[in-house]
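Below is one structure, written out as structure tokens; comments come after it.
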Amino acid sequence: MSEYQYYEFSAIDQPLTSKQQAELRARSTRATITATGFTNEYHWGDLKSDPQAWMRRYFDAHVYSANWGTCRLLMRLPRPALEASVLAEFIQTAPTGKRLRYWDSFESCATPEHWILGWHFLDEEHEHERFWSETDGPGWLGRLLPLRDELLRGDTRPLYLGWLAGVCANEIDDDESEPPLPPGLQTLSAAQTALADFLMIDPDWLTAAAAASPAQENPKTTSDMDAWLNAQPANKLRATVRLMLEGKSQEAERSLRGEFLAWQRAQSPAHKITPRRTVAEIAEGREKARARRLERERRERAAQQAKRRAERGKYLAQLARTQGTAWAVISKTLERGSGAAYDQALQQTKELCEALAAAGREQDFRKGLHKLLRSHGQRGAWIKRLTKAGLLEEVEA
């Protein structure tokens, strides 16, 4: 199997300058480089730089995939967008200046201005077919990129999925407790579903973990927004509009949204805190979820098989009703005189035999085949096929 690596980076908050694009071009002559991204694949060699260094300097998101069974997602968020205390519930954060190790399923590190979050999966046993071809990398970043906006809006489900990926990889002990369980884990967004797929999270672990997750509430209402806006001082709103005019609309939205959500939470009655479970307790639910899934899949397979049998029965019944036309079609096929035509005619004959047998009309099949042989019995290759299939016995009988 030839080597294959895929690298894709995306700049979101700030487009790349011409100078920065030139710096990237100096590292790769074959890559696709624009003001918003870098994409390249390697069949030999490797990226002549450190992806983490690029994340610190240029980019806000990165996807990597290699056909020896590893993939990773990196995302860079402004430090104010995610409180250190919130992040610490899901992961140990490396001190400022330290790097990600690419060892654990979910990691984070801090720079003076940003958090860099890293989700990682390694197929040590080479079990998953997705890595056996050269098509795993493209498309992932587009599916996963909305996670960044979700994190900026305070959605912690991507963080929980990172922790759960560590559970699936046996990186977390059974007696350790889960982080705060986010609401809406049973109704993941499209990007969160893609993240679970990207990290190959066991669906039974996910079902068990999500079982205790409360439904996600609507984070905003028109009346709430009006009440909050009416309470904001004019100078604060002017500062937000200025940010937008300066081309910093994302920063303005992030600031406003964060303050609004914090205000809204303060206005809401205290929610019941979901007790934290240990990994061992979630594992018990996983076994039950697995049993339910296997039973559901068994029923689905049985239903599909019954549907296919019913459709097959209808087809054979129709074929038996129109046997005259069917024999004519077989005769016309044989007239082509090729090996492919004989194979096709044999399949048609076998189906007609099955159809007439199902209708209790075996005698009609013997008569029809005997008549067909009067016209095509001299075709030796065709007779060999009939003999091997046991259909000539039907005539002799």
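Residues are named by chain letter and number: chains run A, B, ... in the order of the structure tokens, numbers start at 1 in each chain, and ligands are numbered from 1 in the order shown.
Summary of the local environment: counting only C-alpha atoms, residues at most 10 Å from Asp173 of chain A, other than itself and those fewer than 3 positions away along its chain, are A:Gly166, A:Val167, A:Asn170, A:Glu176, A:Ser177, A:Thr278, A:Val279, A:Ala280.
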Would you mind listing what lies within 10 Å of Phe38 of chain A as a ChimeraX atom specification, with only C-alpha atoms counted and same-chain residues fewer than 2 positions away left out? /A:7-11,21,24-25,28,31-36,40,59,62
Could you take the residues named above and write them with N, CA and C atoms, as an mmCIF file, in the first residue's frame?
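Saved result, out-v7.cif, follows:
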data_model
loop_
_atom_site.group_PDB
_atom_site.id
_atom_site.type_symbol
_atom_site.label_atom_id
_atom_site.label_comp_id
_atom_site.auth_asym_id
_atom_site.auth_seq_id
_atom_site.Cartn_x
_atom_site.Cartn_y
_atom_site.Cartn_z
ATOM 1 N N TYR A 7 -3.301 17.062 4.137
ATOM 2 C CA TYR A 7 -3.263 18.223 5.025
ATOM 3 C C TYR A 7 -4.206 19.297 4.487
ATOM 4 N N GLU A 8 -5.019 19.837 5.379
ATOM 5 C CA GLU A 8 -5.867 20.969 5.005
ATOM 6 C C GLU A 8 -5.950 21.926 6.189
ATOM 7 N N PHE A 9 -5.750 23.214 5.893
ATOM 8 C CA PHE A 9 -5.816 24.271 6.895
ATOM 9 C C PHE A 9 -6.816 25.328 6.442
ATOM 10 N N SER A 10 -7.432 26.004 7.411
ATOM 11 C CA SER A 10 -8.398 27.051 7.079
ATOM 12 C C SER A 10 -8.172 28.270 7.967
ATOM 13 N N ALA A 11 -8.129 29.458 7.343
ATOM 14 C CA ALA A 11 -8.047 30.729 8.059
ATOM 15 C C ALA A 11 -9.443 31.352 8.074
ATOM 16 N N GLN A 21 0.972 34.151 2.418
ATOM 17 C CA GLN A 21 0.799 33.144 1.373
ATOM 18 C C GLN A 21 2.129 32.798 0.716
ATOM 19 N N LEU A 24 4.012 30.433 2.947
ATOM 20 C CA LEU A 24 3.505 29.070 2.822
ATOM 21 C C LEU A 24 3.953 28.441 1.502
ATOM 22 N N ARG A 25 3.955 29.237 0.424
ATOM 23 C CA ARG A 25 4.379 28.721 -0.868
ATOM 24 C C ARG A 25 5.837 28.268 -0.831
ATOM 25 N N SER A 28 5.806 24.735 0.142
ATOM 26 C CA SER A 28 5.194 23.749 -0.746
ATOM 27 C C SER A 28 4.927 24.379 -2.101
ATOM 28 N N ALA A 31 1.042 22.747 -3.307
ATOM 29 C CA ALA A 31 -0.183 22.939 -2.532
ATOM 30 C C ALA A 31 -1.105 23.962 -3.189
ATOM 31 N N THR A 32 -2.408 23.813 -2.882
ATOM 32 C CA THR A 32 -3.383 24.842 -3.234
ATOM 33 C C THR A 32 -3.427 25.843 -2.089
ATOM 34 N N ILE A 33 -3.042 27.078 -2.363
ATOM 35 C CA ILE A 33 -2.945 28.105 -1.326
ATOM 36 C C ILE A 33 -3.803 29.293 -1.735
ATOM 37 N N THR A 34 -4.683 29.721 -0.837
ATOM 38 C CA THR A 34 -5.521 30.902 -1.058
ATOM 39 C C THR A 34 -5.446 31.782 0.188
ATOM 40 N N ALA A 35 -6.184 32.869 0.157
ATOM 41 C CA ALA A 35 -6.210 33.755 1.325
ATOM 42 C C ALA A 35 -6.893 33.110 2.516
ATOM 43 N N THR A 36 -7.610 32.019 2.293
ATOM 44 C CA THR A 36 -8.348 31.388 3.394
ATOM 45 C C THR A 36 -7.934 29.945 3.657
ATOM 46 N N ASN A 40 -3.001 20.192 0.644
ATOM 47 C CA ASN A 40 -2.038 19.401 -0.116
ATOM 48 C C ASN A 40 -2.119 17.944 0.319
ATOM 49 N N PHE A 59 -3.485 29.871 10.998
ATOM 50 C CA PHE A 59 -4.765 29.227 10.737
ATOM 51 C C PHE A 59 -5.614 29.012 11.987
ATOM 52 N N HIS A 62 -7.582 22.849 11.200
ATOM 53 C CA HIS A 62 -6.696 21.961 10.450
ATOM 54 C C HIS A 62 -7.202 20.529 10.539
#
Set the distance at 6 Å and use only C-alpha atoms: which residues neighbour Arg76 of chain A once local chain neighbours fewer than 4 positions away are removed? I'd like the list as a PyMOL selection string. chain A and resi 60+115-116
Can you tell me, as a list of chain:residue names, which residues in segment 57-152 of chain A count as alpha helix (DSSP H) by DSSP? A:Arg57, A:Ala84, A:Ser85, A:Val86, A:Leu87, A:Ala88, A:Glu89, A:Phe90, A:Trp140, A:Leu141, A:Gly142, A:Arg143, A:Leu144, A:Pro146, A:Leu147, A:Arg148, A:Asp149, A:Glu150, A:Leu151, A:Leu152
For the residues in the current selection, export N, CA and C atoms as a compact mmCIF listing (two decimals), in the first residue's frame.
# COMPACT_ATOMS: atom_id res chain seq x y z
N ARG A 57 0.38 30.59 14.03
CA ARG A 57 0.71 31.79 13.27
C ARG A 57 -0.32 32.16 12.20
N ALA A 84 -11.00 29.07 31.02
CA ALA A 84 -10.08 27.99 31.37
C ALA A 84 -10.73 26.98 32.31
N SER A 85 -11.58 27.46 33.21
CA SER A 85 -12.23 26.55 34.16
C SER A 85 -13.19 25.60 33.45
N VAL A 86 -13.84 26.07 32.38
CA VAL A 86 -14.73 25.22 31.61
C VAL A 86 -13.93 24.16 30.88
N LEU A 87 -12.87 24.58 30.21
CA LEU A 87 -12.05 23.65 29.45
C LEU A 87 -11.41 22.61 30.37
N ALA A 88 -11.01 23.03 31.56
CA ALA A 88 -10.34 22.12 32.49
C ALA A 88 -11.23 20.97 32.92
N GLU A 89 -12.55 21.13 32.85
CA GLU A 89 -13.46 20.05 33.22
C GLU A 89 -13.37 18.87 32.24
N PHE A 90 -12.97 19.16 31.00
CA PHE A 90 -12.97 18.14 29.97
C PHE A 90 -11.57 17.62 29.65
N TRP A 140 -13.57 16.37 5.08
CA TRP A 140 -13.76 16.38 6.53
C TRP A 140 -13.79 17.80 7.10
N LEU A 141 -12.88 18.66 6.66
CA LEU A 141 -12.82 19.99 7.27
C LEU A 141 -14.11 20.77 7.04
N GLY A 142 -14.68 20.65 5.85
CA GLY A 142 -15.95 21.33 5.58
C GLY A 142 -17.05 20.86 6.51
N ARG A 143 -17.07 19.56 6.83
CA ARG A 143 -18.10 19.02 7.73
C ARG A 143 -17.84 19.41 9.18
N LEU A 144 -16.56 19.55 9.55
CA LEU A 144 -16.20 19.77 10.95
C LEU A 144 -16.07 21.24 11.32
N PRO A 146 -18.02 23.85 11.29
CA PRO A 146 -19.03 24.50 12.15
C PRO A 146 -18.84 24.25 13.65
N LEU A 147 -18.04 23.26 14.01
CA LEU A 147 -17.76 23.03 15.44
C LEU A 147 -17.16 24.27 16.07
N ARG A 148 -16.37 25.00 15.32
CA ARG A 148 -15.70 26.17 15.88
C ARG A 148 -16.73 27.22 16.30
N ASP A 149 -17.71 27.48 15.44
CA ASP A 149 -18.76 28.43 15.80
C ASP A 149 -19.56 27.93 17.01
N GLU A 150 -19.81 26.62 17.06
CA GLU A 150 -20.54 26.06 18.19
C GLU A 150 -19.78 26.26 19.49
N LEU A 151 -18.48 26.06 19.46
CA LEU A 151 -17.66 26.28 20.65
C LEU A 151 -17.65 27.75 21.04
N LEU A 152 -17.56 28.62 20.04
CA LEU A 152 -17.57 30.06 20.32
C LEU A 152 -18.88 30.51 20.94
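Considering only C-alpha atoms, the residue among A:Leu47, A:Ala66, A:Ala211, A:Ala110 positioned nearest to Gln5 of chain A is A:Ala66.
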